[in-house]
Amino acid sequence: MRSLIRLLTFSRPYWRRVIATTVCLILITLLSLIVPRLLRDAIDFGLAQGDAGLVATIGLGLIGIGLVRSVLNFVQRYTAEWLSHRLAYDVRDALYERIQRLPFAYHDHSQTGQLLARCTEDVSNVQRFVGFALVDLINILLLFAGVLVILFSANARLTLIALIPMPFLVAYTIRFGVVITPYFTRIDQALARISTVLQETLTGMQVVKAFARESDRRDRFATGNRELYDSRVKTIRYWANAMPLMQVFVIASTALVIGFGGQLVIDRRLTLGELVAFNSYVLLLSMPAQRLGWIVNMLGEATASAVRIFEVLDTPIAIADPPGAISLPPLRGRVEFDRVTFAYHRPAQTGPLHDGESHATVRAALQDVSFVAEPDQVVALIGPTGSGKSTIINLIPRFYDVTSGAVLVDGIDVRRCALKSLRSQIGIVLQESVLFSMSIRDNIAFGRPDAPPDAIIAAAQAARAHEFILSFPNGYDTVVGEKGVTLSGGQRQRVAIARALLMHPRILILDDSTSSVDTQTEYQIQQALAELMRSRTTFVIAQRLTTVKRADLILVLEHGRIVQRGTHAALLGEGGLYREIYDLQLRDQEELRRDFVLSPSPVFSQVHRPRV
């Protein structure tokens with residue numbers, strides 16, 4: 001409940017509409033309380049005394065009250081709906097902003113489907129509660145207070161008799177809310193699991209079909225769907241059992257009023273009009289009392305959603321601008337790792353994001369790593385999978401913070417830098433380039449939305465992408481599919497290189513960007529990369545030694561440590577891990593090439609001999 005109250009504070013900027021809604025509710029309640037009194041007067045002073053004029057006047061008054069209530073209901077419903085949708089808008093915005101600012105470490109352990117469910121289903125649950133249930137709850141409280149005051153002032157004894165079933169109704173309603181709330185939490189979790197399976201299947205459809213795993217994914221979705229269905233059915237069963245019993249309590253109140261009030265009329269201690277008015281006031285409580293179960297139902301659902309929303313909003317932003325952050329000037333490009341140790345911290349898996357519980361674990365990725373990359377140098381990182389190559393390049397733009405030691409750019413610790421001024425001067429081309437579902441032009445200009453068309457075309461030309469872009473009917477305005485799926489791997493890479501070129505970065509990070517393409521495409525990408533690397537400090541992760549042979553500094557990593565460093569020639573002379581990798585990848589090819597150049601075989605001589 002505390003989380004739901006916190007969410008309601010999002011409506012604070014719209015206090016005028018809150019006041020308007022409240023005033024309308026109060027007026028509607030007052031008009032509802034007047035109607036039974038008019039009925040009493042119509043019976044006791046109109047019908048009983050044969051005063052047709054009074055009856056007609058009261059009838060017109062009831063019509064007028066109905067019309068005014070209609071206008072007030074319209075205003076109240078409109079303002080309440082506006083408030084609920086505006087609150088949902090603001091909460092959704094806050095969630096999106098927080099998700100974007102949360103560190104990579106958070107996204108490493110969060111499921112996309114879970115986060116999607118928070119931004120959609122959970123926000124909608126809160127919006128529905130604010131727009132309907134909360135307004136009805138306030139209306140019920142006002143109505144209950146007004147009716148009780150009138151009934152006790154009219155006949156305190158009869159009121160106490162009529163209210164005998166009410167404590168049971170309230171107690172049962174509270175118990176119903178306690179029982180029903182956990183089921184809404186299960187519903188939210190089941191919805192999140194379905195979203196996760198659906199998102200993973202859609203994004204990995206090619207893999208699913210390639211391995212003929214459609215039935216397995218269907219079973220996983222069916223399991224989550226069954227969990228959702230079972231949770232919904234249990235909730236409906238509790239709600240269906242509760243509503244009739246609530247109506248029984250209301251009917252019991254009416255029966256008590258008629259029974260004891262009727263005797264008072266017979267004894268002439270109560271007029272017929274007063275009995276009708278008294279019963280009308282009790283009946284005024286019947287509809288709200290029946291809605292009470294529905295309100296508690298929505299309250300439980302909204303409370304569970306609010307808790308899940310604040311699990312995201314309350315997550316601390318570990319990577320943020322420090323107080324007095326330094327806005328970096330144009331960088332020279334010197335990068336230094338000073339005795340850097342880094343470990344991935346995995347938080348305990350608790351709460352709806354992670355089913356089950358486990359202790360936090362720590363996995364060391366780098367241990368006491370030190371090196372310096374001078375401006376305009378090319379630094380190559382090579383080593384087995386899991387040796388720490390990607391971790392090093394993730395620490396430079398401060399995607400993670402070091403556990404100990406420091407990463408410095410131009411002598412400034414990156415933890416003291418304003419993130420935007422740091423990352424805007426770092427260009428990154430990943431192994432699997434991610435494009436967005438918009439035009440090629442917009443994808444290239446993603447880092448510089450205000451870039452002029454000439455600059456975009458120049459970047460594409462330097463990235464060897466201009467020709468294939470013009471081959472499309474819409475050219476640069478061609479809209480690519482999700483993640484750029486309508487482009488080939490090589491085309492996506494060259495668009496990503498153009499995107500990085502347009503940023504004019506002083507520090508460039510290339511994460512194995514040619515490992516998954518064919519030889520011809522690799523050659524085109526290498527040409528584009530040569531243009532991109534010019535006059536920049538470049539970090540290259542590569543599995544192929546052909547990519548790193550010309551690097552100014554090669555760092556060989558193993559188990560999170562730098563085990564060798566130097567140029568290609570120097571490392572070959574040292575032996576060790578680099579020599580082993582070289583022997584596996586290049587020695588046979590280079591020896592064959594050398595033998596071919598020195599003494600070409602007759603076969604090759606015949607093949608390449610020019611025809612006369």
# chains A, B, ... in the order shown; residues from 1 in each chain; ligands from 1
>>> residues_around(residues="Val178 of chain A", least_positions_apart="5", cutoff="10 Å", atoms="only C-alpha atoms", output="PDB file with C-alpha atoms, in the first residue's frame")
ATOM      1  CA  TYR A 172     -15.040  -9.883   5.163  1.00  0.00           C
ATOM      2  CA  THR A 173     -14.014  -7.237   2.617  1.00  0.00           C
ATOM      3  CA  TYR A 183      -2.803 -13.668  -6.554  1.00  0.00           C
ATOM      4  CA  VAL A 296     -10.441  -4.170  -3.205  1.00  0.00           C
ATOM      5  CA  ASN A 297      -9.788  -6.404  -6.190  1.00  0.00           C
ATOM      6  CA  GLY A 300      -4.675  -5.519  -4.703  1.00  0.00           C
TER       7      GLY A 300
END
>>> residues_around(residues="Leu198 of chain A", least_positions_apart="4", cutoff="10 Å", atoms="only C-alpha atoms", output="MDAnalysis selection string")
chainID A and resid 113 192:194 202:204 217:218 220:221
>>> residues_around(residues="segment 459-466 of chain A", least_positions_apart="4", cutoff="12 Å", atoms="only C-alpha atoms", output="count of residues only")
48
>>> select_by_dssp(residues="segment 386-532 of chain A", states="strand (DSSP E)", output="PyMOL selection string")
chain A and resi 404-409+412-413+426-429+507-511
>>> write_last_selection(atoms="C-alpha atoms", output="CSV table (one decimal), in the first residue's frame")
chain,number,residue,atom,x,y,z
A,404,SER,CA,40.2,-1.0,-7.6
A,405,GLY,CA,42.7,1.0,-9.5
A,406,ALA,CA,41.8,3.7,-12.1
A,407,VAL,CA,41.1,4.2,-15.8
A,408,LEU,CA,42.4,7.6,-17.0
A,409,VAL,CA,41.8,9.5,-20.2
A,412,ILE,CA,41.7,12.3,-15.7
A,413,ASP,CA,40.0,9.4,-13.9
A,426,ILE,CA,34.5,7.6,-27.9
A,427,GLY,CA,33.3,5.7,-31.0
A,428,ILE,CA,32.3,2.0,-30.7
A,429,VAL,CA,31.8,-0.5,-33.5
A,507,ILE,CA,39.1,7.2,-28.9
A,508,LEU,CA,37.9,4.3,-31.1
A,509,ILE,CA,36.8,0.8,-29.9
A,510,LEU,CA,36.5,-2.0,-32.4
A,511,ASP,CA,35.1,-5.2,-30.9
>>> select_by_dssp(residues="segment 271-339 of chain A", states="alpha helix (DSSP H)", output="ChimeraX atom specification")
/A:272-313
>>> atom_distance(atom1="atom CA of Ile562 of chain A", atom2="atom CA of Tyr582 of chain A")
17.3 Å
